[in-house]
>>> print(open('protein-v9.cif').read())   # mmCIF, C-alpha atoms
data_query
loop_
_atom_site.label_atom_id
_atom_site.label_comp_id
_atom_site.auth_asym_id
_atom_site.auth_seq_id
_atom_site.Cartn_x
_atom_site.Cartn_y
_atom_site.Cartn_z
CA MET A 244 59.99 -10.37 -38.44
CA SER A 245 63.63 -10.57 -37.40
CA ALA A 246 66.38 -8.31 -38.69
CA GLY A 247 67.56 -8.92 -42.23
CA PHE A 248 64.03 -9.29 -43.63
CA GLY A 249 63.77 -12.71 -42.03
CA LEU A 250 66.11 -14.06 -44.70
CA THR A 251 69.07 -16.36 -44.26
CA PHE A 252 71.52 -17.31 -46.98
CA HIS A 253 70.67 -20.62 -48.64
CA HIS A 254 72.68 -21.14 -51.83
CA LEU A 255 74.12 -19.70 -55.05
CA GLY A 256 72.34 -20.48 -58.32
CA LEU A 257 74.72 -21.44 -61.14
CA ALA A 258 73.33 -21.61 -64.68
CA VAL A 259 75.29 -23.78 -67.10
CA GLU A 260 74.61 -25.35 -70.47
CA THR A 261 75.95 -28.73 -69.36
CA ALA A 262 76.59 -29.86 -65.80
CA GLU A 263 79.76 -31.90 -66.17
CA PRO A 264 82.41 -29.14 -66.25
CA ALA A 265 80.84 -27.38 -63.26
CA GLU A 266 80.51 -30.67 -61.40
CA SER A 267 84.16 -31.44 -62.10
CA PHE A 268 85.29 -28.04 -60.81
CA LEU A 269 83.11 -28.17 -57.71
CA SER A 270 84.13 -31.76 -56.99
CA GLY A 271 87.73 -30.65 -57.21
CA LEU A 272 86.97 -28.03 -54.57
CA GLY A 273 85.60 -30.73 -52.33
CA TYR A 274 81.89 -30.35 -52.99
CA THR A 275 79.53 -33.32 -52.79
CA ILE A 276 77.03 -33.30 -55.64
CA ALA A 277 73.61 -34.94 -55.52
CA PRO A 278 71.98 -36.58 -58.55
CA ALA A 279 69.96 -34.37 -60.90
CA VAL A 280 66.34 -33.55 -60.08
CA TYR A 281 63.96 -32.38 -62.79
CA ASP A 282 61.89 -29.32 -61.88
CA ARG A 283 58.75 -29.51 -64.01
CA HIS A 284 57.55 -26.10 -62.82
CA GLN A 285 60.65 -24.32 -64.14
CA ASN A 286 61.59 -26.89 -66.81
CA VAL A 287 65.18 -27.16 -65.64
CA ASN A 288 67.43 -29.85 -64.19
CA LEU A 289 68.92 -29.19 -60.76
CA ARG A 290 71.93 -30.61 -58.99
CA TRP A 291 72.67 -29.72 -55.39
CA ALA A 292 76.34 -29.19 -54.49
CA GLU A 293 77.31 -28.98 -50.85
CA HIS A 294 80.59 -28.32 -49.07
CA VAL A 295 81.63 -28.40 -45.44
CA SER A 296 82.91 -24.83 -45.44
CA MET A 297 81.83 -23.18 -48.71
CA PRO A 298 78.40 -21.91 -49.82
CA ALA A 299 76.00 -24.46 -51.28
CA VAL A 300 75.60 -24.27 -55.05
CA GLU A 301 72.58 -25.24 -57.11
CA ILE A 302 73.72 -26.25 -60.59
CA ILE A 303 70.91 -25.47 -63.03
CA THR A 304 70.88 -26.82 -66.58
CA PRO A 305 68.25 -26.49 -69.31
CA ALA A 306 65.77 -29.28 -69.86
CA THR A 307 64.20 -30.04 -73.23
CA GLY A 308 62.39 -27.11 -74.83
CA PRO A 309 62.17 -23.44 -73.86
CA GLY A 310 63.06 -22.54 -70.28
CA PRO A 311 64.10 -19.72 -67.97
CA LEU A 312 67.81 -20.21 -68.66
CA ASP A 313 67.57 -19.55 -72.39
CA GLU A 314 68.21 -15.82 -72.13
CA ILE A 315 70.73 -16.14 -69.31
CA LEU A 316 72.90 -18.69 -71.10
CA LYS A 317 72.68 -16.71 -74.34
CA ARG A 318 74.58 -13.89 -72.63
CA GLY A 319 77.77 -15.77 -72.09
CA GLY A 320 77.56 -19.32 -70.89
CA ALA A 321 77.96 -20.25 -67.27
CA MET A 322 77.21 -17.74 -64.56
CA ILE A 323 76.02 -17.36 -60.99
CA TYR A 324 72.73 -15.61 -61.69
CA HIS A 325 70.86 -15.70 -58.43
CA ILE A 326 71.39 -15.84 -54.69
CA CYS A 327 68.84 -17.84 -52.76
CA PHE A 328 67.64 -17.05 -49.26
CA ALA A 329 65.37 -19.03 -46.94
CA THR A 330 62.57 -17.54 -44.91
CA GLU A 331 60.00 -18.83 -42.44
CA ASN A 332 57.37 -16.57 -43.95
CA LEU A 333 57.62 -15.44 -47.56
CA VAL A 334 54.83 -12.86 -47.38
CA ARG A 335 56.30 -11.17 -44.34
CA SER A 336 59.81 -11.20 -45.78
CA LEU A 337 58.53 -9.55 -48.96
CA GLU A 338 56.69 -6.94 -46.93
CA ALA A 339 59.89 -6.19 -45.05
CA LEU A 340 61.93 -6.09 -48.25
CA ARG A 341 59.47 -3.70 -49.88
CA ALA A 342 59.29 -1.33 -46.94
CA GLY A 343 60.69 2.11 -47.62
CA GLU A 344 62.11 3.00 -51.00
CA ARG A 345 63.49 -0.41 -51.92
CA ARG A 346 62.11 -1.65 -55.23
CA VAL A 347 61.44 -5.37 -55.43
CA VAL A 348 59.71 -6.87 -58.47
CA CYS A 349 58.28 -10.36 -58.65
CA VAL A 350 59.91 -12.18 -61.57
CA VAL A 351 58.44 -15.65 -61.02
CA ALA A 352 55.63 -16.10 -58.48
CA PRO A 353 56.15 -18.82 -55.87
CA LYS A 354 55.92 -22.39 -57.15
CA PRO A 355 56.65 -25.74 -55.51
CA ALA A 356 60.36 -26.62 -55.67
CA PRO A 357 61.00 -30.35 -56.13
CA LEU A 358 64.60 -29.97 -54.95
CA PHE A 359 63.34 -28.65 -51.62
CA SER A 360 60.45 -31.00 -50.89
CA ASP A 361 58.04 -28.87 -52.91
CA ARG A 362 58.38 -25.88 -50.62
CA PRO A 363 57.31 -22.64 -52.34
CA VAL A 364 60.07 -20.80 -54.18
CA GLY A 365 59.79 -17.40 -55.85
CA PHE A 366 62.19 -15.20 -57.81
CA TYR A 367 62.49 -11.45 -57.28
CA LEU A 368 64.54 -8.65 -58.78
CA VAL A 369 65.92 -6.26 -56.19
CA LYS A 370 66.74 -3.00 -57.91
CA GLY A 371 70.42 -2.20 -57.68
CA PHE A 372 71.26 -5.68 -56.44
CA GLY A 373 70.00 -8.35 -58.81
CA LEU A 374 68.00 -11.54 -58.90
CA ILE A 375 67.21 -13.36 -55.67
CA GLU A 376 65.35 -16.57 -55.00
CA ILE A 377 63.43 -17.05 -51.78
CA VAL A 378 62.46 -20.48 -50.48
CA GLU A 379 59.95 -20.70 -47.69
CA GLY A 380 60.81 -23.04 -44.85
CA ALA A 381 64.05 -23.35 -42.95
CA GLY A 382 66.20 -26.43 -43.01
CA THR A 383 65.04 -27.34 -46.48
CA PRO A 384 65.94 -30.98 -47.02
CA VAL A 385 67.77 -31.94 -50.17
CA PRO A 386 66.87 -35.39 -51.50
CA GLY A 387 69.67 -37.71 -52.44
CA LEU A 388 72.64 -35.93 -50.89
CA HIS A 389 72.94 -37.65 -47.53
CA SER A 390 70.79 -40.70 -48.19
CA VAL B 281 56.98 24.86 -74.77
CA THR B 282 54.20 23.30 -76.82
CA ASN B 283 52.57 19.94 -76.14
CA ASP B 284 54.30 18.57 -79.22
CA GLN B 285 57.67 19.67 -77.87
CA LYS B 286 56.87 18.09 -74.51
CA THR B 287 55.88 14.87 -76.26
CA ALA B 288 59.07 14.86 -78.27
CA GLY B 289 61.07 15.45 -75.08
CA ILE B 290 59.43 12.56 -73.26
CA SER B 291 59.84 10.32 -76.26
CA GLU B 292 63.52 11.16 -76.48
CA ARG B 293 64.03 10.44 -72.78
CA LEU B 294 62.14 7.17 -73.14
CA ARG B 295 64.28 6.05 -76.06
CA LYS B 296 67.48 7.13 -74.35
CA VAL B 297 66.68 5.09 -71.23
CA ILE B 298 65.83 2.02 -73.28
CA ALA B 299 68.97 2.45 -75.39
CA VAL B 300 71.19 2.72 -72.33
CA VAL B 301 69.70 -0.37 -70.69
CA LEU B 302 69.92 -2.40 -73.89
CA GLY B 303 73.35 -1.08 -74.83
CA VAL B 304 72.28 0.03 -78.30
CA GLU B 305 72.39 3.32 -80.19
CA PRO B 306 69.31 5.48 -79.41
CA GLY B 307 68.54 5.56 -83.12
CA ARG B 308 67.79 1.85 -83.02
CA VAL B 309 65.01 2.41 -80.48
CA THR B 310 62.33 3.25 -83.02
CA ASP B 311 58.59 3.78 -82.52
CA ASP B 312 57.93 0.11 -83.15
CA ALA B 313 60.86 -1.14 -81.05
CA SER B 314 60.13 -4.17 -78.90
CA PRO B 315 61.72 -7.51 -77.97
CA VAL B 316 60.77 -8.62 -81.47
CA THR B 317 62.86 -5.94 -83.19
CA LEU B 318 65.76 -5.70 -80.70
CA LYS B 319 67.29 -9.03 -79.79
CA THR B 320 68.96 -7.72 -76.62
CA TRP B 321 65.52 -6.77 -75.26
CA ASP B 322 64.85 -9.96 -73.29
CA SER B 323 62.62 -10.45 -70.26
CA LEU B 324 65.32 -9.55 -67.76
CA LYS B 325 66.23 -6.40 -69.68
CA GLN B 326 62.51 -5.60 -69.80
CA MET B 327 62.46 -5.37 -66.01
CA HIS B 328 65.60 -3.26 -65.94
CA ILE B 329 64.08 -0.93 -68.55
CA MET B 330 60.93 -0.45 -66.51
CA LEU B 331 62.83 0.19 -63.27
CA ALA B 332 65.05 2.70 -65.04
CA LEU B 333 61.95 4.42 -66.44
CA GLU B 334 60.44 4.61 -62.96
CA GLU B 335 63.48 6.57 -61.90
CA GLU B 336 63.60 8.72 -65.02
CA PHE B 337 59.93 9.74 -64.86
CA SER B 338 59.36 9.45 -61.10
CA VAL B 339 56.56 6.92 -61.57
CA ARG B 340 55.81 3.50 -60.16
CA PHE B 341 54.56 0.60 -62.29
CA GLU B 342 52.63 -2.40 -61.03
CA ASP B 343 54.47 -5.74 -61.22
CA ASP B 344 52.12 -6.89 -64.00
CA GLN B 345 52.85 -3.77 -66.03
CA ILE B 346 56.58 -4.28 -65.66
CA HIS B 347 56.20 -7.52 -67.57
CA GLU B 348 53.45 -6.44 -69.97
CA LEU B 349 54.65 -3.03 -71.21
CA ALA B 350 57.15 -4.60 -73.55
CA SER B 351 57.39 -2.13 -76.42
CA VAL B 352 58.08 1.56 -76.96
CA ALA B 353 54.46 2.07 -78.02
CA LYS B 354 52.98 0.42 -74.92
CA ILE B 355 55.27 2.30 -72.57
CA ASP B 356 54.58 5.57 -74.36
CA ASP B 357 50.82 4.95 -74.08
CA GLU B 358 51.11 4.26 -70.38
CA LEU B 359 53.13 7.41 -69.77
CA ARG B 360 50.47 9.40 -71.63
CA LYS B 361 47.69 7.82 -69.56
CA ARG B 362 49.49 8.96 -66.46
CA GLY B 363 49.61 12.49 -67.77
CA ILE B 364 53.37 12.55 -68.00
CA VAL B 365 53.22 13.76 -71.58
#
>>> encode(input="protein-v9.cif", output="structure tokens")
Amino acid sequence: MSAGFGLTFHHLGLAVETAEPAESFLSGLGYTIAPAVYDRHQNVNLRWAEHVSMPAVEIITPATGPGPLDEILKRGGAMIYHICFATENLVRSLEALRAGERRVVCVVAPKPAPLFSDRPVGFYLVKGFGLIEIVEGAGTPVPGLHS
Amino acid sequence: VTNDQKTAGISERLRKVIAVVLGVEPGRVTDDASPVTLKTWDSLKQMHIMLALEEEFSVRFEDDQIHELASVAKIDDELRKRGIV
């Protein structure tokens, strides 16, 4: 396991009620935004926003029915609510993260992520830091953006 | 200090931690308090409550318990099982 828990920055997760205002802002900044992808495991719609020099942003909007954004959006509308990291080995990264006194709680166990070619993605709360997402597999392709 | 006094002390600390995390008056954290009775007690706050309780009582909960102990009564029971009361 390399330094830094084997994690590399992947993207910021932005929760919004509707995508258009966020898309407009990010487009204005020079982001390229891929078409929406429905994630049936999380019951959300995802749009990938990429920029040549700024961090990638995943725009997450609610789908029909109850979903994981309900409580987050209830607190005040749009917000960056997670930071996503990529790892080559999720189990080993979690072992490294949990070494010592650091408290890491599994919020959502790994599930296939349609936006990232069904690679496993899990959510974890790092005490004193916040919510992180970890996707297993480097160079995760994003469908639709460069096709 | 009697066992009743110890119990009251633990209960007070438990309620105070929950109140601080939820941002409500301690008096609103009643014996039957849960996500059903306190609308700010959502699933994310639940995790923050449990992590704050770990620090307060120097205990460690399993990940499953962090999700499942979602009421004052359940948390109180678990603390008793661990001999904290």
>>> interface_residues(input="protein-v9.cif", of="chain B", to="chain A", cutoff="10 Å", atoms="all atoms listed in the file", output="PyMOL selection string")
chain B and resi 320-325+327-328+331-332+340-344+346-347
>>> closest_residue(input="protein-v9.cif", among="A:Pro278, A:Ile326, A:Leu272, A:Val295", to="A:Leu257", atoms="only C-alpha atoms")
A:Ile326
>>> closest_residue(input="protein-v9.cif", among="B:Ile364, B:Val297, B:Ala353, B:Leu359", to="B:Thr310", atoms="only C-alpha atoms")
B:Ala353
>>> axis_aligned_box(input="protein-v9.cif", around="stretch 294-312 of chain A", padding_each_side="5 Å", output="AutoDock Vina command-line options")
--center_x 72.5 --center_y -24.9 --center_z -60.1 --size_x 30.7 --size_y 20.3 --size_z 39.4
>>> residues_around(input="protein-v9.cif", residues="A:Gly308", least_positions_apart="4", cutoff="10 Å", atoms="all atoms listed in the file", output="list in words")
Asn286, Val287 and Asp313 of chain A
>>> resolve_selection(input="protein-v9.cif", expression="the PyMOL selection byres ((chain A and resi 305) around 7)", output="PyMOL selection string")
chain A and resi 260+287-288+303-304+306-307+310+312
>>> atom_distance(input="protein-v9.cif", atom1="atom CA of A:Gly249", atom2="atom CA of A:Met322")
26.7 Å
>>> atom_distance(input="protein-v9.cif", atom1="atom CA of B:Lys319", atom2="atom CA of B:Lys296")
17.1 Å
>>> closest_residue(input="protein-v9.cif", among="A:Gly320, A:Trp291, A:His325, A:Val369", to="A:Leu340", atoms="only C-alpha atoms")
A:Val369
>>> closest_residue(input="protein-v9.cif", among="A:Val280, A:Val300, A:Leu333, A:Leu250", to="A:Glu379", atoms="all atoms listed in the file")
A:Leu333
>>> residues_near_point(input="protein-v9.cif", point="(59.2, -4.2, -72.9)", cutoff="7 Å", atoms="only C-alpha atoms", output="ChimeraX atom specification")
/B:314-315,326,347-351
>>> write_last_selection(input="protein-v9.cif", atoms="C-alpha atoms", output="compact mmCIF listing (two decimals), in the frame of the given file")
# COMPACT_ATOMS: atom_id res chain seq x y z
CA SER B 314 60.13 -4.17 -78.90
CA PRO B 315 61.72 -7.51 -77.97
CA GLN B 326 62.51 -5.60 -69.80
CA HIS B 347 56.20 -7.52 -67.57
CA GLU B 348 53.45 -6.44 -69.97
CA LEU B 349 54.65 -3.03 -71.21
CA ALA B 350 57.15 -4.60 -73.55
CA SER B 351 57.39 -2.13 -76.42
>>> closest_residue(input="protein-v9.cif", among="A:Met297, A:Ile302, A:Ala292, A:Ile276", to="A:Thr261", atoms="only C-alpha atoms")
A:Ile302
>>> closest_residue(input="protein-v9.cif", among="A:Val378, A:Ala299, A:Leu316, A:Ala321", to="A:Asp361", atoms="only C-alpha atoms")
A:Val378
>>> atom_distance(input="protein-v9.cif", atom1="atom CA of A:Pro298", atom2="atom CA of A:Ala352")
25.0 Å
>>> resolve_selection(input="protein-v9.cif", expression="the PyMOL selection byres ((chain A and resi 284) around 8)", output="mmCIF file with C-alpha atoms, in the frame of the given file")
data_model
loop_
_atom_site.group_PDB
_atom_site.id
_atom_site.type_symbol
_atom_site.label_atom_id
_atom_site.label_comp_id
_atom_site.auth_asym_id
_atom_site.auth_seq_id
_atom_site.Cartn_x
_atom_site.Cartn_y
_atom_site.Cartn_z
ATOM 1 C CA ASP A 282 61.890 -29.320 -61.880
ATOM 2 C CA ARG A 283 58.750 -29.510 -64.010
ATOM 3 C CA GLN A 285 60.650 -24.320 -64.140
ATOM 4 C CA ASN A 286 61.590 -26.890 -66.810
ATOM 5 C CA LYS A 354 55.920 -22.390 -57.150
ATOM 6 C CA PRO A 355 56.650 -25.740 -55.510
ATOM 7 C CA ALA A 356 60.360 -26.620 -55.670
#
>>> residues_around(input="protein-v9.cif", residues="A:Val351", least_positions_apart="5", cutoff="7 Å", atoms="only C-alpha atoms", output="PyMOL selection string")
chain A and resi 365-367
>>> write_last_selection(input="protein-v9.cif", atoms="C-alpha atoms", output="PDB file, in the coordinates of the input")
ATOM      1  CA  GLY A 365      59.790 -17.400 -55.850  1.00  0.00           C
ATOM      2  CA  PHE A 366      62.190 -15.200 -57.810  1.00  0.00           C
ATOM      3  CA  TYR A 367      62.490 -11.450 -57.280  1.00  0.00           C
TER       4      TYR A 367
END
>>> decode(input="protein-v9.cif", residues="stretch 309-335 of chain B", atoms="N, CA, C and O atoms", output="mmCIF file, in the first residue's frame")
data_model
loop_
_atom_site.group_PDB
_atom_site.id
_atom_site.type_symbol
_atom_site.label_atom_id
_atom_site.label_comp_id
_atom_site.auth_asym_id
_atom_site.auth_seq_id
_atom_site.Cartn_x
_atom_site.Cartn_y
_atom_site.Cartn_z
ATOM 1 N N VAL B 309 -34.691 15.866 24.190
ATOM 2 C CA VAL B 309 -34.195 14.496 24.021
ATOM 3 C C VAL B 309 -34.778 13.657 25.159
ATOM 4 O O VAL B 309 -34.152 13.433 26.199
ATOM 5 N N THR B 310 -35.979 13.209 24.948
ATOM 6 C CA THR B 310 -36.712 12.467 25.979
ATOM 7 C C THR B 310 -36.377 10.973 25.909
ATOM 8 O O THR B 310 -35.661 10.526 25.015
ATOM 9 N N ASP B 311 -36.941 10.211 26.857
ATOM 10 C CA ASP B 311 -36.682 8.765 26.887
ATOM 11 C C ASP B 311 -37.064 8.081 25.583
ATOM 12 O O ASP B 311 -36.456 7.081 25.195
ATOM 13 N N ASP B 312 -38.113 8.577 24.950
ATOM 14 C CA ASP B 312 -38.572 7.920 23.722
ATOM 15 C C ASP B 312 -38.072 8.636 22.457
ATOM 16 O O ASP B 312 -38.585 8.411 21.364
ATOM 17 N N ALA B 313 -37.063 9.485 22.624
ATOM 18 C CA ALA B 313 -36.554 10.243 21.469
ATOM 19 C C ALA B 313 -35.918 9.310 20.438
ATOM 20 O O ALA B 313 -35.220 8.350 20.778
ATOM 21 N N SER B 314 -36.165 9.625 19.191
ATOM 22 C CA SER B 314 -35.648 8.823 18.074
ATOM 23 C C SER B 314 -35.810 9.666 16.802
ATOM 24 O O SER B 314 -36.361 10.778 16.856
ATOM 25 N N PRO B 315 -35.382 9.142 15.668
ATOM 26 C CA PRO B 315 -35.615 9.882 14.414
ATOM 27 C C PRO B 315 -37.092 10.134 14.142
ATOM 28 O O PRO B 315 -37.434 11.039 13.376
ATOM 29 N N VAL B 316 -37.952 9.356 14.767
ATOM 30 C CA VAL B 316 -39.391 9.562 14.573
ATOM 31 C C VAL B 316 -39.868 10.812 15.313
ATOM 32 O O VAL B 316 -40.706 11.563 14.811
ATOM 33 N N THR B 317 -39.305 11.062 16.484
ATOM 34 C CA THR B 317 -39.779 12.184 17.306
ATOM 35 C C THR B 317 -38.984 13.478 17.072
ATOM 36 O O THR B 317 -39.470 14.556 17.370
ATOM 37 N N LEU B 318 -37.748 13.355 16.587
ATOM 38 C CA LEU B 318 -36.917 14.540 16.344
ATOM 39 C C LEU B 318 -36.542 14.585 14.864
ATOM 40 O O LEU B 318 -35.757 13.755 14.386
ATOM 41 N N LYS B 319 -37.069 15.560 14.154
ATOM 42 C CA LYS B 319 -36.907 15.549 12.698
ATOM 43 C C LYS B 319 -35.469 15.814 12.253
ATOM 44 O O LYS B 319 -35.108 15.475 11.131
ATOM 45 N N THR B 320 -34.654 16.436 13.127
ATOM 46 C CA THR B 320 -33.260 16.660 12.720
ATOM 47 C C THR B 320 -32.394 15.407 12.888
ATOM 48 O O THR B 320 -31.242 15.384 12.475
ATOM 49 N N TRP B 321 -32.982 14.359 13.495
ATOM 50 C CA TRP B 321 -32.239 13.115 13.723
ATOM 51 C C TRP B 321 -32.337 12.257 12.461
ATOM 52 O O TRP B 321 -33.110 11.322 12.393
ATOM 53 N N ASP B 322 -31.521 12.570 11.453
ATOM 54 C CA ASP B 322 -31.547 11.775 10.227
ATOM 55 C C ASP B 322 -30.390 10.768 10.250
ATOM 56 O O ASP B 322 -29.660 10.658 11.236
ATOM 57 N N SER B 323 -30.220 10.049 9.157
ATOM 58 C CA SER B 323 -29.247 8.950 9.171
ATOM 59 C C SER B 323 -27.805 9.448 9.285
ATOM 60 O O SER B 323 -26.959 8.776 9.874
ATOM 61 N N LEU B 324 -27.532 10.629 8.722
ATOM 62 C CA LEU B 324 -26.183 11.166 8.863
ATOM 63 C C LEU B 324 -25.935 11.620 10.304
ATOM 64 O O LEU B 324 -24.871 11.377 10.881
ATOM 65 N N LYS B 325 -26.936 12.285 10.878
ATOM 66 C CA LYS B 325 -26.803 12.717 12.276
ATOM 67 C C LYS B 325 -26.674 11.495 13.190
ATOM 68 O O LYS B 325 -25.990 11.545 14.212
ATOM 69 N N GLN B 326 -27.368 10.414 12.837
ATOM 70 C CA GLN B 326 -27.252 9.188 13.619
ATOM 71 C C GLN B 326 -25.786 8.759 13.756
ATOM 72 O O GLN B 326 -25.306 8.413 14.842
ATOM 73 N N MET B 327 -25.075 8.803 12.646
ATOM 74 C CA MET B 327 -23.660 8.403 12.696
ATOM 75 C C MET B 327 -22.843 9.367 13.541
ATOM 76 O O MET B 327 -21.976 8.947 14.313
ATOM 77 N N HIS B 328 -23.140 10.656 13.395
ATOM 78 C CA HIS B 328 -22.398 11.639 14.191
ATOM 79 C C HIS B 328 -22.706 11.477 15.682
ATOM 80 O O HIS B 328 -21.833 11.661 16.529
ATOM 81 N N ILE B 329 -23.946 11.145 15.992
ATOM 82 C CA ILE B 329 -24.311 10.889 17.396
ATOM 83 C C ILE B 329 -23.491 9.735 17.953
ATOM 84 O O ILE B 329 -22.892 9.825 19.033
ATOM 85 N N MET B 330 -23.448 8.634 17.202
ATOM 86 C CA MET B 330 -22.763 7.447 17.704
ATOM 87 C C MET B 330 -21.262 7.681 17.854
ATOM 88 O O MET B 330 -20.641 7.208 18.816
ATOM 89 N N LEU B 331 -20.680 8.427 16.926
ATOM 90 C CA LEU B 331 -19.239 8.710 17.040
ATOM 91 C C LEU B 331 -18.967 9.648 18.213
ATOM 92 O O LEU B 331 -17.958 9.503 18.903
ATOM 93 N N ALA B 332 -19.869 10.566 18.447
ATOM 94 C CA ALA B 332 -19.710 11.459 19.608
ATOM 95 C C ALA B 332 -19.866 10.676 20.911
ATOM 96 O O ALA B 332 -19.164 10.939 21.897
ATOM 97 N N LEU B 333 -20.763 9.694 20.916
ATOM 98 C CA LEU B 333 -20.948 8.866 22.115
ATOM 99 C C LEU B 333 -19.729 7.980 22.361
ATOM 100 O O LEU B 333 -19.369 7.717 23.511
ATOM 101 N N GLU B 334 -19.123 7.513 21.296
ATOM 102 C CA GLU B 334 -17.891 6.719 21.460
ATOM 103 C C GLU B 334 -16.851 7.531 22.226
ATOM 104 O O GLU B 334 -16.166 7.008 23.109
ATOM 105 N N GLU B 335 -16.759 8.793 21.860
ATOM 106 C CA GLU B 335 -15.779 9.648 22.531
ATOM 107 C C GLU B 335 -16.196 9.933 23.970
ATOM 108 O O GLU B 335 -15.381 9.875 24.889
#
